[in-house]
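Asks: My file is input04.csv. It has CSV, C-alpha atoms:
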```
chain,number,residue,atom,x,y,z
A,1,MET,CA,6.8,25.2,23.8
A,2,ASN,CA,9.0,22.8,22.0
A,3,PRO,CA,10.5,24.2,18.7
A,4,VAL,CA,9.2,21.2,16.8
A,5,ASN,CA,5.7,21.7,18.2
A,6,PHE,CA,5.8,25.4,17.4
A,7,THR,CA,6.9,24.8,13.8
A,8,LEU,CA,4.1,22.2,13.2
A,9,LEU,CA,1.6,24.5,14.8
A,10,THR,CA,2.7,27.3,12.5
A,11,ILE,CA,2.5,25.2,9.4
A,12,PHE,CA,-1.0,23.9,10.3
A,13,ALA,CA,-2.1,27.5,11.1
A,14,ILE,CA,-0.8,28.7,7.7
A,15,VAL,CA,-2.6,25.8,5.9
A,16,ALA,CA,-5.8,26.4,7.8
A,17,TYR,CA,-5.6,30.1,6.9
A,18,LEU,CA,-5.1,29.2,3.2
A,19,ILE,CA,-8.0,26.8,3.3
A,20,ILE,CA,-10.3,29.5,4.8
A,21,ILE,CA,-9.2,32.0,2.2
A,22,ASP,CA,-9.3,29.8,-1.0
A,23,GLU,CA,-11.3,26.6,-1.6
A,24,ASN,CA,-8.8,25.5,-4.3
A,25,VAL,CA,-6.3,24.7,-1.6
A,26,VAL,CA,-8.7,22.0,-0.2
A,27,LYS,CA,-9.0,20.5,-3.7
A,28,TYR,CA,-5.2,20.6,-4.1
A,29,LEU,CA,-4.6,19.0,-0.8
A,30,SER,CA,-7.1,16.3,-1.4
A,31,LEU,CA,-5.5,15.5,-4.8
A,32,GLN,CA,-2.1,15.4,-3.2
A,33,PHE,CA,-3.3,12.9,-0.6
A,34,GLN,CA,-4.8,10.8,-3.4
A,35,VAL,CA,-1.5,10.9,-5.2
A,36,ILE,CA,0.3,9.8,-2.1
A,37,ARG,CA,-2.2,6.9,-1.6
A,38,VAL,CA,-1.9,5.8,-5.2
A,39,ASN,CA,1.9,5.9,-5.0
A,40,ILE,CA,1.9,3.8,-1.8
A,41,GLN,CA,-0.4,1.3,-3.4
A,42,ARG,CA,1.8,1.2,-6.6
A,43,TYR,CA,5.0,0.6,-4.6
A,44,TYR,CA,3.2,-2.2,-2.6
A,45,MET,CA,2.0,-3.8,-5.8
A,46,MET,CA,5.5,-3.5,-7.4
A,47,ALA,CA,7.0,-5.2,-4.4
A,48,LYS,CA,4.3,-7.9,-4.1
A,49,LEU,CA,4.1,-8.8,-7.8
A,50,HIS,CA,7.7,-8.5,-8.8
A,51,PRO,CA,8.8,-11.9,-10.3
A,52,ARG,CA,12.2,-11.9,-8.5
A,53,ASN,CA,10.9,-11.1,-5.1
A,54,PRO,CA,12.0,-14.1,-2.9
A,55,ILE,CA,9.3,-13.7,-0.3
A,56,THR,CA,6.5,-13.7,-2.8
A,57,ASN,CA,8.1,-16.6,-4.7
A,58,TRP,CA,8.3,-18.6,-1.5
A,59,MET,CA,4.7,-17.8,-0.7
A,60,MET,CA,3.5,-18.9,-4.1
A,61,ASN,CA,5.6,-22.0,-4.1
A,62,ARG,CA,4.1,-22.9,-0.7
A,63,LYS,CA,0.6,-22.3,-2.0
A,64,TYR,CA,1.2,-24.4,-5.0
A,65,ALA,CA,2.7,-27.2,-2.9
A,66,LYS,CA,-0.3,-27.2,-0.7
A,67,MET,CA,-2.6,-27.3,-3.7
A,68,GLU,CA,-0.6,-30.2,-5.1
A,69,ARG,CA,-0.8,-32.2,-1.9
A,70,GLU,CA,-4.6,-31.7,-1.8
A,71,LEU,CA,-5.0,-32.7,-5.4
A,72,ARG,CA,-2.8,-35.8,-4.9
A,73,LYS,CA,-4.8,-36.8,-1.8
A,74,LYS,CA,-8.1,-36.2,-3.8
A,75,LEU,CA,-6.9,-38.3,-6.7
A,76,LYS,CA,-5.8,-41.2,-4.4
A,77,MET,CA,-9.2,-41.1,-2.8
A,78,ASP,CA,-10.9,-41.3,-6.2
A,79,GLU,CA,-9.0,-44.4,-7.3
```
Using structure tokens, write down the structure from this file.

Replies:
Amino acid sequence: MNPVNFTLLTIFAIVAYLIIIDENVVKYLSLQFQVIRVNIQRYYMMAKLHPRNPITNWMMNRKYAKMERELRKKLKMDE
């Protein structure tokens, strides 16, 4: 058996034993996974909504340019 596999199996066995012994471990682990999920979402939002991010600035400029073209075309059709 590979040492990495043996180490992972040992860790999971210890966690499974603790889950069987104490139900608070399950609550703790679920809260930790929620914290991890919230932090990932937070970092994603920080990267996506940061005002100096060049990628999001390019995407928004492209979106606004498309909207401008559509509005100009609509205005020309109304005249």

Asks: Region 27-32 of chain A: which residues within 12 Å, counting all atoms listed in the file, same-chain residues fewer than 5 positions away excluded, as a ChimeraX atom specification?

Replies: /A:15-16,18-19,22,37-39

Asks: Can you tell me how far CA of Met59 (chain A) sits from CA of Tyr44 (chain A), in Å to one decimal?

Replies: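 Interatomic distance, CA of Met59 (chain A) to CA of Tyr44 (chain A): 15.8 Å.
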
Asks: Quick one, how far is CA of Lys63 (chain A) from CA of Lys48 (chain A)?

Replies: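 Computed distance, CA of Lys63 (chain A) to CA of Lys48 (chain A), equals 15.0 Å.
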
Asks: Using all atoms of region 2-5 of chain A listed in the file and a margin of 4 Å per side, can you give the axis-aligned box centre and edge lengths in Å to one decimal, as AutoDock Vina command-line options?

Replies:
```
--center_x 8.1 --center_y 22.7 --center_z 19.4 --size_x 12.8 --size_y 11.0 --size_z 13.2
```

Asks: Figure out the distance between CA of Leu49 (chain A) and CA of Gln34 (chain A), please, to one decimal in Å.

Replies: 22.0 Å

Asks: Can you write region 26-68 of chain A from the block above with N, CA and C atoms, as a PDB file, in the first residue's frame?

Replies:
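Heads up, here's the output in part.pdb:
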```pdb
ATOM      1  N   VAL A  26     -19.572  15.810  13.995  1.00  0.00           N
ATOM      2  CA  VAL A  26     -20.310  15.982  12.742  1.00  0.00           C
ATOM      3  C   VAL A  26     -20.723  17.435  12.585  1.00  0.00           C
ATOM      4  N   LYS A  27     -21.222  18.046  13.655  1.00  0.00           N
ATOM      5  CA  LYS A  27     -21.622  19.454  13.600  1.00  0.00           C
ATOM      6  C   LYS A  27     -20.408  20.342  13.301  1.00  0.00           C
ATOM      7  N   TYR A  28     -19.292  20.051  13.955  1.00  0.00           N
ATOM      8  CA  TYR A  28     -18.077  20.830  13.737  1.00  0.00           C
ATOM      9  C   TYR A  28     -17.606  20.718  12.292  1.00  0.00           C
ATOM     10  N   LEU A  29     -17.586  19.488  11.765  1.00  0.00           N
ATOM     11  CA  LEU A  29     -17.131  19.299  10.387  1.00  0.00           C
ATOM     12  C   LEU A  29     -18.063  19.980   9.390  1.00  0.00           C
ATOM     13  N   SER A  30     -19.365  19.904   9.627  1.00  0.00           N
ATOM     14  CA  SER A  30     -20.292  20.558   8.698  1.00  0.00           C
ATOM     15  C   SER A  30     -20.116  22.077   8.748  1.00  0.00           C
ATOM     16  N   LEU A  31     -19.886  22.619   9.945  1.00  0.00           N
ATOM     17  CA  LEU A  31     -19.643  24.056  10.054  1.00  0.00           C
ATOM     18  C   LEU A  31     -18.338  24.457   9.364  1.00  0.00           C
ATOM     19  N   GLN A  32     -17.324  23.615   9.474  1.00  0.00           N
ATOM     20  CA  GLN A  32     -16.050  23.921   8.815  1.00  0.00           C
ATOM     21  C   GLN A  32     -16.199  23.900   7.294  1.00  0.00           C
ATOM     22  N   PHE A  33     -16.974  22.948   6.779  1.00  0.00           N
ATOM     23  CA  PHE A  33     -17.207  22.918   5.337  1.00  0.00           C
ATOM     24  C   PHE A  33     -18.014  24.130   4.884  1.00  0.00           C
ATOM     25  N   GLN A  34     -18.943  24.588   5.712  1.00  0.00           N
ATOM     26  CA  GLN A  34     -19.697  25.799   5.382  1.00  0.00           C
ATOM     27  C   GLN A  34     -18.783  27.021   5.371  1.00  0.00           C
ATOM     28  N   VAL A  35     -17.858  27.086   6.319  1.00  0.00           N
ATOM     29  CA  VAL A  35     -16.901  28.196   6.362  1.00  0.00           C
ATOM     30  C   VAL A  35     -16.027  28.184   5.109  1.00  0.00           C
ATOM     31  N   ILE A  36     -15.591  27.003   4.705  1.00  0.00           N
ATOM     32  CA  ILE A  36     -14.770  26.890   3.497  1.00  0.00           C
ATOM     33  C   ILE A  36     -15.560  27.356   2.277  1.00  0.00           C
ATOM     34  N   ARG A  37     -16.828  26.939   2.173  1.00  0.00           N
ATOM     35  CA  ARG A  37     -17.669  27.335   1.048  1.00  0.00           C
ATOM     36  C   ARG A  37     -17.891  28.847   1.032  1.00  0.00           C
ATOM     37  N   VAL A  38     -18.131  29.431   2.198  1.00  0.00           N
ATOM     38  CA  VAL A  38     -18.354  30.875   2.280  1.00  0.00           C
ATOM     39  C   VAL A  38     -17.085  31.631   1.900  1.00  0.00           C
ATOM     40  N   ASN A  39     -15.937  31.152   2.338  1.00  0.00           N
ATOM     41  CA  ASN A  39     -14.679  31.821   1.990  1.00  0.00           C
ATOM     42  C   ASN A  39     -14.385  31.738   0.504  1.00  0.00           C
ATOM     43  N   ILE A  40     -14.691  30.598  -0.114  1.00  0.00           N
ATOM     44  CA  ILE A  40     -14.495  30.483  -1.557  1.00  0.00           C
ATOM     45  C   ILE A  40     -15.404  31.463  -2.289  1.00  0.00           C
ATOM     46  N   GLN A  41     -16.667  31.546  -1.867  1.00  0.00           N
ATOM     47  CA  GLN A  41     -17.585  32.506  -2.485  1.00  0.00           C
ATOM     48  C   GLN A  41     -17.123  33.943  -2.255  1.00  0.00           C
ATOM     49  N   ARG A  42     -16.591  34.212  -1.074  1.00  0.00           N
ATOM     50  CA  ARG A  42     -16.124  35.567  -0.761  1.00  0.00           C
ATOM     51  C   ARG A  42     -14.957  35.948  -1.661  1.00  0.00           C
ATOM     52  N   TYR A  43     -13.986  35.034  -1.822  1.00  0.00           N
ATOM     53  CA  TYR A  43     -12.847  35.330  -2.689  1.00  0.00           C
ATOM     54  C   TYR A  43     -13.280  35.491  -4.138  1.00  0.00           C
ATOM     55  N   TYR A  44     -14.252  34.681  -4.572  1.00  0.00           N
ATOM     56  CA  TYR A  44     -14.768  34.804  -5.926  1.00  0.00           C
ATOM     57  C   TYR A  44     -15.422  36.169  -6.130  1.00  0.00           C
ATOM     58  N   MET A  45     -16.240  36.589  -5.172  1.00  0.00           N
ATOM     59  CA  MET A  45     -16.911  37.886  -5.289  1.00  0.00           C
ATOM     60  C   MET A  45     -15.903  39.031  -5.219  1.00  0.00           C
ATOM     61  N   MET A  46     -14.889  38.882  -4.378  1.00  0.00           N
ATOM     62  CA  MET A  46     -13.871  39.932  -4.299  1.00  0.00           C
ATOM     63  C   MET A  46     -13.142  40.070  -5.627  1.00  0.00           C
ATOM     64  N   ALA A  47     -12.838  38.957  -6.265  1.00  0.00           N
ATOM     65  CA  ALA A  47     -12.146  39.013  -7.550  1.00  0.00           C
ATOM     66  C   ALA A  47     -13.072  39.523  -8.642  1.00  0.00           C
ATOM     67  N   LYS A  48     -14.319  39.105  -8.595  1.00  0.00           N
ATOM     68  CA  LYS A  48     -15.259  39.478  -9.644  1.00  0.00           C
ATOM     69  C   LYS A  48     -15.680  40.936  -9.557  1.00  0.00           C
ATOM     70  N   LEU A  49     -15.864  41.451  -8.367  1.00  0.00           N
ATOM     71  CA  LEU A  49     -16.414  42.786  -8.195  1.00  0.00           C
ATOM     72  C   LEU A  49     -15.371  43.854  -7.874  1.00  0.00           C
ATOM     73  N   HIS A  50     -14.107  43.503  -7.873  1.00  0.00           N
ATOM     74  CA  HIS A  50     -13.067  44.485  -7.582  1.00  0.00           C
ATOM     75  C   HIS A  50     -13.005  45.502  -8.721  1.00  0.00           C
ATOM     76  N   PRO A  51     -13.007  46.802  -8.394  1.00  0.00           N
ATOM     77  CA  PRO A  51     -13.074  47.814  -9.455  1.00  0.00           C
ATOM     78  C   PRO A  51     -11.839  47.882 -10.352  1.00  0.00           C
ATOM     79  N   ARG A  52     -10.717  47.389  -9.912  1.00  0.00           N
ATOM     80  CA  ARG A  52      -9.502  47.471 -10.735  1.00  0.00           C
ATOM     81  C   ARG A  52      -9.156  46.157 -11.417  1.00  0.00           C
ATOM     82  N   ASN A  53     -10.082  45.214 -11.418  1.00  0.00           N
ATOM     83  CA  ASN A  53      -9.840  43.950 -12.091  1.00  0.00           C
ATOM     84  C   ASN A  53      -9.994  44.157 -13.598  1.00  0.00           C
ATOM     85  N   PRO A  54      -8.934  43.965 -14.380  1.00  0.00           N
ATOM     86  CA  PRO A  54      -9.019  44.272 -15.810  1.00  0.00           C
ATOM     87  C   PRO A  54      -9.978  43.364 -16.573  1.00  0.00           C
ATOM     88  N   ILE A  55     -10.122  42.138 -16.150  1.00  0.00           N
ATOM     89  CA  ILE A  55     -11.006  41.216 -16.866  1.00  0.00           C
ATOM     90  C   ILE A  55     -12.453  41.639 -16.701  1.00  0.00           C
ATOM     91  N   THR A  56     -12.852  41.943 -15.464  1.00  0.00           N
ATOM     92  CA  THR A  56     -14.244  42.350 -15.262  1.00  0.00           C
ATOM     93  C   THR A  56     -14.507  43.721 -15.873  1.00  0.00           C
ATOM     94  N   ASN A  57     -13.510  44.599 -15.855  1.00  0.00           N
ATOM     95  CA  ASN A  57     -13.683  45.898 -16.516  1.00  0.00           C
ATOM     96  C   ASN A  57     -13.893  45.713 -18.011  1.00  0.00           C
ATOM     97  N   TRP A  58     -13.128  44.819 -18.628  1.00  0.00           N
ATOM     98  CA  TRP A  58     -13.285  44.551 -20.051  1.00  0.00           C
ATOM     99  C   TRP A  58     -14.666  43.975 -20.341  1.00  0.00           C
ATOM    100  N   MET A  59     -15.119  43.036 -19.471  1.00  0.00           N
ATOM    101  CA  MET A  59     -16.436  42.433 -19.682  1.00  0.00           C
ATOM    102  C   MET A  59     -17.543  43.474 -19.560  1.00  0.00           C
ATOM    103  N   MET A  60     -17.454  44.345 -18.581  1.00  0.00           N
ATOM    104  CA  MET A  60     -18.491  45.356 -18.402  1.00  0.00           C
ATOM    105  C   MET A  60     -18.461  46.373 -19.544  1.00  0.00           C
ATOM    106  N   ASN A  61     -17.269  46.784 -19.976  1.00  0.00           N
ATOM    107  CA  ASN A  61     -17.172  47.713 -21.115  1.00  0.00           C
ATOM    108  C   ASN A  61     -17.762  47.092 -22.373  1.00  0.00           C
ATOM    109  N   ARG A  62     -17.509  45.823 -22.582  1.00  0.00           N
ATOM    110  CA  ARG A  62     -18.069  45.128 -23.731  1.00  0.00           C
ATOM    111  C   ARG A  62     -19.595  45.077 -23.644  1.00  0.00           C
ATOM    112  N   LYS A  63     -20.102  44.792 -22.450  1.00  0.00           N
ATOM    113  CA  LYS A  63     -21.547  44.739 -22.245  1.00  0.00           C
ATOM    114  C   LYS A  63     -22.187  46.103 -22.507  1.00  0.00           C
ATOM    115  N   TYR A  64     -21.553  47.153 -21.994  1.00  0.00           N
ATOM    116  CA  TYR A  64     -22.104  48.496 -22.185  1.00  0.00           C
ATOM    117  C   TYR A  64     -22.006  48.933 -23.649  1.00  0.00           C
ATOM    118  N   ALA A  65     -20.947  48.541 -24.338  1.00  0.00           N
ATOM    119  CA  ALA A  65     -20.810  48.884 -25.758  1.00  0.00           C
ATOM    120  C   ALA A  65     -21.894  48.193 -26.574  1.00  0.00           C
ATOM    121  N   LYS A  66     -22.184  46.953 -26.246  1.00  0.00           N
ATOM    122  CA  LYS A  66     -23.248  46.233 -26.937  1.00  0.00           C
ATOM    123  C   LYS A  66     -24.600  46.898 -26.678  1.00  0.00           C
ATOM    124  N   MET A  67     -24.827  47.280 -25.431  1.00  0.00           N
ATOM    125  CA  MET A  67     -26.078  47.956 -25.084  1.00  0.00           C
ATOM    126  C   MET A  67     -26.189  49.290 -25.822  1.00  0.00           C
ATOM    127  N   GLU A  68     -25.067  50.005 -25.934  1.00  0.00           N
ATOM    128  CA  GLU A  68     -25.063  51.284 -26.650  1.00  0.00           C
ATOM    129  C   GLU A  68     -25.391  51.087 -28.125  1.00  0.00           C
TER     130      GLU A  68
END
```
